[in-house]
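Step one of this worksheet: look at the structure below.
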Amino acid sequence: MLVVSVAALASGCAGVQSALQPAGREAVEVNQLFITVTVVSIIVTAVVLIALALAMWGPERWRSRLGKDWLIIGGGIVFPVIVLSALLAYGLVVMNAGASRANRAEGQAITITGKQWWWEVIYTTDDGKRVVSANELRLPVGKPVALHLKSSDVIHSFWAPRLAGKLDMIPGRTNTLTVEATEAGISRGQCAEYCGGAHALMSFYVVAMPPAEFDAWLESEAEDATEPQGDLARRGQSHFMENGCGGCHTIRGTSATGMIGPDLTHLASRHSLGAATLPNNARMIARWIGEHQHIKPDNHMPPYENLSEDELFAISAYLEGLD
């Protein structure tokens with residue numbers, strides 16, 4: 001039983017959302033500070049417990065020494081002040097307090113807007129074109145990037161544990177977090193401020209890519225949606241438009257120009273559906289459309305109980321082709 005308990009606890013120290021496996025410059029600094037403070041805390045706790053044991057059950061000579069005024073003043077006042085001041089100074093140095101991380105940012109900033117209960121992500125190309133995506137953040141490895149964090153409704157909090165610390169997204173304000181991915185790979189983030197019913201299912205993926213791959217991806221992402229291939233996908237596009245989906249979602253290059261829900265122009269290139277709620281494939285797209293309130297209760301997408309199984313299958317085939 002003890003082995004199982006230890007294994008369960010240890011499993012929380014790894015994975016795509018573990019702050020103990022940093023993959024960003026700020027996360028590395030946070031982890032370094034955490035380890036230092038933890039080690040110091042363990043040492044201080046051990047010393048206090050030993051002193052307590054000696055005071056209660058030790059030889060009379062030790063008990064007499066531990067009762068001296070100088071030891072109480074030194075150990076209870078002077079020592080904590082010195083240790084805590086040293087940790088504060090160390091933390092300020094490690095976290096570069098007083099220095100503006102935003103000054104290190106390279107290239108165009110990325111704007112992330114928290115919404116109930118998904119993320120709008122807007123990139124800007126070098127020629128000034130806005131590229132809208134959703135529920136996934138892509139970054140070039142080794143380049144500091146400024147994230148402009150906003151909210152369109154209530155307070156959210158952006159937190160990608162392997163990338164950086166958390167920062168609130170407050171309506172009417174823009175907070176800036178400068179991040180730098182240190183290695184390629186995929187990690188996961190989460191809204192860290194309770195924001196309503198589906199808060200627990202408001203997640204996202206962070207994809208760190210070599211700079212050349214990121215540039216190629218952004219160039220592809222800036223293009224309009226691909227035309228549907230095959231009769232099934234074309235029927236799916238017709239059903240998508242006929243059922244008013246384009247009133248909430250944008251698919252660039254089509255008549256779908258809605259701004260309420262996530263942009264679906266390149267949906268198939270993303271790693272998840274429903275803000276990291278489901279894997280991204282045709283079967284799950286159909287399931288999301290038909291059962292989204294069961295999968296993610298309280299989300300703002302209207303029910304589509306009128307769609308037949310064949311229509312759902314056709315729409316999912318169309319959306320699966322939007323890469």
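For the structure tokens, the naming scheme is as follows: chains receive sequential letters (A, B, ...) according to their order of presentation, residues are indexed from 1 within each chain, and ligands are indexed from 1 in presentation order.
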
Just the alpha helix (DSSP H) stuff from segment 206-282 of chain A, please, per backbone DSSP, written as a short mmCIF file (atom, residue, chain, number, x, y, z; two decimals) with N, CA and C atoms, in the first residue's frame.
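The file below, out16.cif, is the result:
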```
data_model
loop_
_atom_site.label_atom_id
_atom_site.label_comp_id
_atom_site.auth_asym_id
_atom_site.auth_seq_id
_atom_site.Cartn_x
_atom_site.Cartn_y
_atom_site.Cartn_z
N PRO A 211 12.70 27.29 -34.70
CA PRO A 211 12.28 28.55 -35.34
C PRO A 211 11.87 28.41 -36.81
N ALA A 212 12.64 27.64 -37.59
CA ALA A 212 12.31 27.48 -39.01
C ALA A 212 10.96 26.81 -39.19
N GLU A 213 10.67 25.80 -38.36
CA GLU A 213 9.38 25.11 -38.43
C GLU A 213 8.24 26.03 -38.00
N PHE A 214 8.50 26.85 -36.99
CA PHE A 214 7.47 27.79 -36.54
C PHE A 214 7.15 28.79 -37.64
N ASP A 215 8.17 29.32 -38.31
CA ASP A 215 7.94 30.28 -39.38
C ASP A 215 7.13 29.65 -40.52
N ALA A 216 7.46 28.41 -40.86
CA ALA A 216 6.72 27.72 -41.92
C ALA A 216 5.28 27.47 -41.50
N TRP A 217 5.10 27.09 -40.23
CA TRP A 217 3.74 26.85 -39.73
C TRP A 217 2.91 28.13 -39.76
N LEU A 218 3.48 29.25 -39.31
CA LEU A 218 2.75 30.51 -39.27
C LEU A 218 2.39 30.96 -40.69
N GLU A 219 3.28 30.75 -41.63
CA GLU A 219 2.98 31.10 -43.02
C GLU A 219 1.80 30.28 -43.54
N SER A 220 1.79 28.99 -43.20
CA SER A 220 0.68 28.13 -43.61
C SER A 220 -0.61 28.51 -42.89
N GLU A 221 -0.49 28.84 -41.60
CA GLU A 221 -1.66 29.21 -40.79
C GLU A 221 -2.32 30.49 -41.29
N ASP A 231 -16.88 14.32 -52.26
CA ASP A 231 -18.31 14.63 -52.13
C ASP A 231 -18.75 14.73 -50.67
N LEU A 232 -18.22 13.84 -49.82
CA LEU A 232 -18.62 13.83 -48.42
C LEU A 232 -18.25 15.15 -47.74
N ALA A 233 -17.02 15.60 -47.95
CA ALA A 233 -16.57 16.85 -47.33
C ALA A 233 -17.35 18.04 -47.89
N ARG A 234 -17.68 18.01 -49.18
CA ARG A 234 -18.45 19.11 -49.76
C ARG A 234 -19.87 19.14 -49.19
N ARG A 235 -20.46 17.96 -49.00
CA ARG A 235 -21.77 17.92 -48.35
C ARG A 235 -21.67 18.43 -46.92
N GLY A 236 -20.56 18.09 -46.26
CA GLY A 236 -20.36 18.57 -44.89
C GLY A 236 -20.25 20.08 -44.83
N GLN A 237 -19.58 20.68 -45.81
CA GLN A 237 -19.49 22.14 -45.85
C GLN A 237 -20.87 22.76 -46.02
N SER A 238 -21.70 22.17 -46.88
CA SER A 238 -23.06 22.67 -47.08
C SER A 238 -23.88 22.58 -45.80
N HIS A 239 -23.80 21.44 -45.12
CA HIS A 239 -24.52 21.28 -43.85
C HIS A 239 -24.02 22.28 -42.81
N PHE A 240 -22.72 22.51 -42.78
CA PHE A 240 -22.12 23.46 -41.84
C PHE A 240 -22.72 24.85 -42.04
N MET A 241 -22.79 25.29 -43.29
CA MET A 241 -23.32 26.62 -43.59
C MET A 241 -24.83 26.68 -43.37
N GLU A 242 -25.54 25.65 -43.79
CA GLU A 242 -27.00 25.66 -43.71
C GLU A 242 -27.51 25.68 -42.27
N ALA A 282 -11.95 12.93 -36.74
CA ALA A 282 -13.31 13.04 -37.28
C ALA A 282 -14.35 12.47 -36.32
#
```

Would you list the contacts of segment 171-184 of chain A as a compact mmCIF listing (two decimals) with C-alpha atoms, in the first residue's frame, taking every protein, DNA or RNA residue within 6 Å and counting only C-alpha atoms, but skipping same-chain residues closer than 3 positions in sequence?
```
# COMPACT_ATOMS: atom_id res chain seq x y z
CA ALA A 23 10.74 23.51 -20.64
CA GLY A 24 10.83 27.31 -20.51
CA ARG A 25 13.34 29.82 -19.19
CA ARG A 101 11.45 40.58 -19.35
CA ALA A 102 9.42 42.27 -22.06
CA VAL A 141 12.33 27.54 -29.36
CA GLY A 142 15.05 29.81 -28.00
CA LYS A 143 13.28 33.09 -28.75
CA PRO A 144 11.66 35.22 -26.00
CA VAL A 145 8.08 36.00 -27.01
CA ALA A 146 5.73 38.54 -25.38
CA LEU A 147 2.26 37.21 -24.64
CA HIS A 148 -0.41 39.91 -24.32
CA LEU A 149 -3.02 38.42 -22.00
CA LYS A 150 -6.60 39.69 -22.06
CA SER A 151 -10.10 38.62 -21.04
CA SER A 152 -13.39 39.27 -22.80
CA ALA A 208 7.36 24.58 -28.97
CA MET A 209 8.96 24.28 -32.39
```

Fill in: Shell around Gly253 of chain A at 7 Å using only C-alpha atoms, local window under 2 positions removed, as a ChimeraX atom specification
/A:224-225,251

Practice prompt. Excluding Asn243 of chain A and any residue of its chain fewer than 4 positions from it, enumerate the residues within 12 Å of it, using only C-alpha atoms, and give them as a ChimeraX atom specification.
Written response: /A:236-239,247-249,256,289,302-307,311-312,315

Worksheet item: Which neighbours of segment 264-275 of chain A fall inside 10 Å, counting only C-alpha atoms, when residues of the same chain fewer than 3 positions from it are skipped, and could you give them as a PyMOL selection string?
Response: chain A and resi 117-119+131-137+186+190+201-207+217+220-226+246+249-254+256+261+278-282+284-285+288+292+295-296+299+318-323

Let's have the selection written as a compact mmCIF listing (two decimals), in the first residue's frame, with N, CA and C atoms.
```
# COMPACT_ATOMS: atom_id res chain seq x y z
N TRP A 117 -15.51 29.11 -22.44
CA TRP A 117 -14.38 28.60 -21.68
C TRP A 117 -13.39 28.06 -22.69
N TRP A 118 -12.75 29.00 -23.39
CA TRP A 118 -11.77 28.65 -24.41
C TRP A 118 -10.80 29.81 -24.58
N TRP A 119 -9.80 29.63 -25.43
CA TRP A 119 -8.74 30.62 -25.60
C TRP A 119 -8.65 31.05 -27.07
N VAL A 131 -3.32 36.54 -37.64
CA VAL A 131 -3.63 35.13 -37.85
C VAL A 131 -4.30 34.61 -36.58
N VAL A 132 -5.58 34.25 -36.70
CA VAL A 132 -6.36 33.86 -35.54
C VAL A 132 -6.43 32.34 -35.42
N SER A 133 -6.16 31.86 -34.21
CA SER A 133 -6.27 30.44 -33.92
C SER A 133 -6.98 30.29 -32.57
N ALA A 134 -6.98 29.08 -32.02
CA ALA A 134 -7.69 28.89 -30.75
C ALA A 134 -7.16 27.67 -30.01
N ASN A 135 -7.12 27.80 -28.68
CA ASN A 135 -6.88 26.68 -27.76
C ASN A 135 -5.54 25.99 -27.95
N GLU A 136 -4.61 26.67 -28.58
CA GLU A 136 -3.27 26.11 -28.76
C GLU A 136 -2.29 27.24 -28.99
N LEU A 137 -1.18 27.21 -28.27
CA LEU A 137 -0.14 28.22 -28.40
C LEU A 137 1.10 27.60 -29.00
N ILE A 186 5.62 19.24 -26.72
CA ILE A 186 4.25 19.63 -26.41
C ILE A 186 4.02 19.57 -24.91
N GLN A 190 -3.46 25.52 -18.40
CA GLN A 190 -4.77 25.47 -17.75
C GLN A 190 -5.15 26.87 -17.30
N LEU A 201 -12.41 22.53 -17.47
CA LEU A 201 -12.17 22.02 -18.82
C LEU A 201 -11.72 23.14 -19.76
N MET A 202 -11.12 24.18 -19.20
CA MET A 202 -10.57 25.28 -20.01
C MET A 202 -9.05 25.14 -20.03
N SER A 203 -8.57 24.30 -20.92
CA SER A 203 -7.14 24.02 -21.01
C SER A 203 -6.63 24.37 -22.41
N PHE A 204 -5.35 24.15 -22.63
CA PHE A 204 -4.76 24.41 -23.94
C PHE A 204 -3.44 23.66 -24.04
N TYR A 205 -2.94 23.54 -25.25
CA TYR A 205 -1.63 22.93 -25.48
C TYR A 205 -0.63 23.99 -25.91
N VAL A 206 0.62 23.81 -25.50
CA VAL A 206 1.72 24.64 -25.94
C VAL A 206 2.63 23.77 -26.81
N VAL A 207 2.87 24.21 -28.03
CA VAL A 207 3.71 23.47 -28.96
C VAL A 207 4.95 24.32 -29.24
N TRP A 217 5.10 27.09 -40.23
CA TRP A 217 3.74 26.85 -39.73
C TRP A 217 2.91 28.13 -39.76
N SER A 220 1.79 28.99 -43.20
CA SER A 220 0.68 28.13 -43.61
C SER A 220 -0.61 28.51 -42.89
N GLU A 221 -0.49 28.84 -41.60
CA GLU A 221 -1.66 29.21 -40.79
C GLU A 221 -2.32 30.49 -41.29
N ALA A 222 -1.54 31.36 -41.92
CA ALA A 222 -2.07 32.64 -42.40
C ALA A 222 -2.91 32.47 -43.67
N GLU A 223 -2.82 31.32 -44.32
CA GLU A 223 -3.57 31.09 -45.56
C GLU A 223 -5.03 30.78 -45.27
N ASP A 224 -5.87 30.94 -46.31
CA ASP A 224 -7.27 30.60 -46.17
C ASP A 224 -7.44 29.09 -46.04
N ALA A 225 -8.63 28.68 -45.65
CA ALA A 225 -8.92 27.25 -45.49
C ALA A 225 -8.83 26.52 -46.83
N THR A 226 -8.46 25.27 -46.75
CA THR A 226 -8.40 24.45 -47.96
C THR A 226 -9.81 24.11 -48.42
N GLY A 246 -21.60 29.03 -39.35
CA GLY A 246 -20.77 30.18 -39.73
C GLY A 246 -21.16 31.46 -39.04
N HIS A 249 -18.65 30.77 -35.96
CA HIS A 249 -17.26 30.40 -36.27
C HIS A 249 -16.80 31.01 -37.59
N THR A 250 -15.52 31.34 -37.63
CA THR A 250 -14.90 31.82 -38.86
C THR A 250 -14.12 30.68 -39.51
N ILE A 251 -14.29 30.55 -40.83
CA ILE A 251 -13.42 29.71 -41.65
C ILE A 251 -12.98 30.60 -42.80
N ARG A 252 -11.79 31.11 -42.73
CA ARG A 252 -11.32 32.09 -43.71
C ARG A 252 -11.36 31.51 -45.13
N GLY A 253 -11.83 32.35 -46.05
CA GLY A 253 -11.97 31.90 -47.42
C GLY A 253 -13.36 31.39 -47.72
N THR A 254 -14.27 31.40 -46.72
CA THR A 254 -15.65 30.98 -46.91
C THR A 254 -16.57 32.08 -46.39
N ALA A 256 -18.32 31.79 -43.79
CA ALA A 256 -18.38 31.68 -42.32
C ALA A 256 -17.48 32.74 -41.71
N GLY A 261 -17.48 32.01 -31.47
CA GLY A 261 -16.74 30.79 -31.12
C GLY A 261 -15.35 30.78 -31.73
N LEU A 278 -10.97 16.93 -25.83
CA LEU A 278 -11.01 15.69 -26.61
C LEU A 278 -9.85 15.66 -27.60
N PRO A 279 -9.40 14.47 -28.00
CA PRO A 279 -8.43 14.39 -29.10
C PRO A 279 -9.09 14.85 -30.39
N ASN A 280 -8.29 15.28 -31.36
CA ASN A 280 -8.80 15.87 -32.58
C ASN A 280 -8.81 14.86 -33.72
N ASN A 281 -9.98 14.32 -34.03
CA ASN A 281 -10.16 13.47 -35.20
C ASN A 281 -11.64 13.52 -35.59
N ALA A 282 -11.95 12.93 -36.74
CA ALA A 282 -13.31 13.04 -37.28
C ALA A 282 -14.35 12.47 -36.32
N MET A 284 -14.26 12.24 -33.07
CA MET A 284 -14.45 13.12 -31.92
C MET A 284 -15.11 14.45 -32.31
N ILE A 285 -14.87 14.90 -33.55
CA ILE A 285 -15.56 16.11 -34.02
C ILE A 285 -17.06 15.87 -34.05
N TRP A 288 -18.34 15.69 -30.52
CA TRP A 288 -18.41 17.01 -29.89
C TRP A 288 -19.65 17.77 -30.36
N HIS A 292 -21.77 17.89 -27.02
CA HIS A 292 -20.85 18.82 -26.36
C HIS A 292 -21.32 19.25 -24.98
N ILE A 295 -20.24 16.52 -22.73
CA ILE A 295 -18.79 16.44 -22.61
C ILE A 295 -18.24 17.62 -21.80
N LYS A 296 -18.76 18.81 -22.08
CA LYS A 296 -18.28 20.03 -21.43
C LYS A 296 -19.48 20.87 -21.00
N ASN A 299 -20.92 24.97 -21.63
CA ASN A 299 -20.30 25.73 -22.71
C ASN A 299 -21.39 26.41 -23.53
N TYR A 318 -15.70 17.26 -43.27
CA TYR A 318 -15.31 18.58 -43.77
C TYR A 318 -14.33 19.26 -42.82
N LEU A 319 -14.65 19.28 -41.54
CA LEU A 319 -13.79 19.95 -40.57
C LEU A 319 -12.45 19.24 -40.42
N GLU A 320 -12.45 17.93 -40.54
CA GLU A 320 -11.19 17.17 -40.44
C GLU A 320 -10.23 17.51 -41.57
N GLY A 321 -10.78 18.02 -42.67
CA GLY A 321 -9.93 18.38 -43.80
C GLY A 321 -9.38 19.79 -43.74
N LEU A 322 -9.74 20.55 -42.71
CA LEU A 322 -9.27 21.93 -42.58
C LEU A 322 -7.90 21.96 -41.91
N ASP A 323 -6.90 21.60 -42.67
CA ASP A 323 -5.54 21.60 -42.09
C ASP A 323 -4.69 22.73 -42.67
```

Worksheet item: Out of segment 102-318 of chain A, which residues get strand (DSSP E) from DSSP, as number ranges by chain?
Response: A: 110-115, 118-124, 130-134, 136-140, 145-151, 156-159, 167-169, 175-179, 185-191, 203-209, 272-273, 278-279

Practice prompt. List the neighbours of segment 62-79 of chain A out to 12 Å using only C-alpha atoms; skip same-chain residues closer than 2 positions along the sequence, and give me the result as a list in words.
Written response: Val44, Val47, Val48, Ile50, Ala51, Leu52, Ala53, Leu54, Ala55, Met56, Trp57, Gly58, Pro59, Glu60, Val81, Ile82, Val83, Leu84, Ser85 and Ala86 of chain A

Practice prompt. Go through A:Pro228, A:Gly290, A:Pro161, A:Gly15 and flag the residue nearest Ala27 of chain A, using only C-alpha atoms for the distances.
Written response: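 Among the listed residues, A:Pro161 lies closest to Ala27 of chain A.
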
Item to complete: For each of A:His300, A:Pro140, A:Asp168, A:Leu88, take the minimum atom-to-atom distance to Ile112 of chain A, counting only C-alpha atoms, then give the residue where this is smallest.
Response: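 Closest candidate: A:Asp168.
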
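Distance-wise, atom CA of Ser316 of chain A and atom CA of Arg287 of chain A end up 9.0 Å apart.
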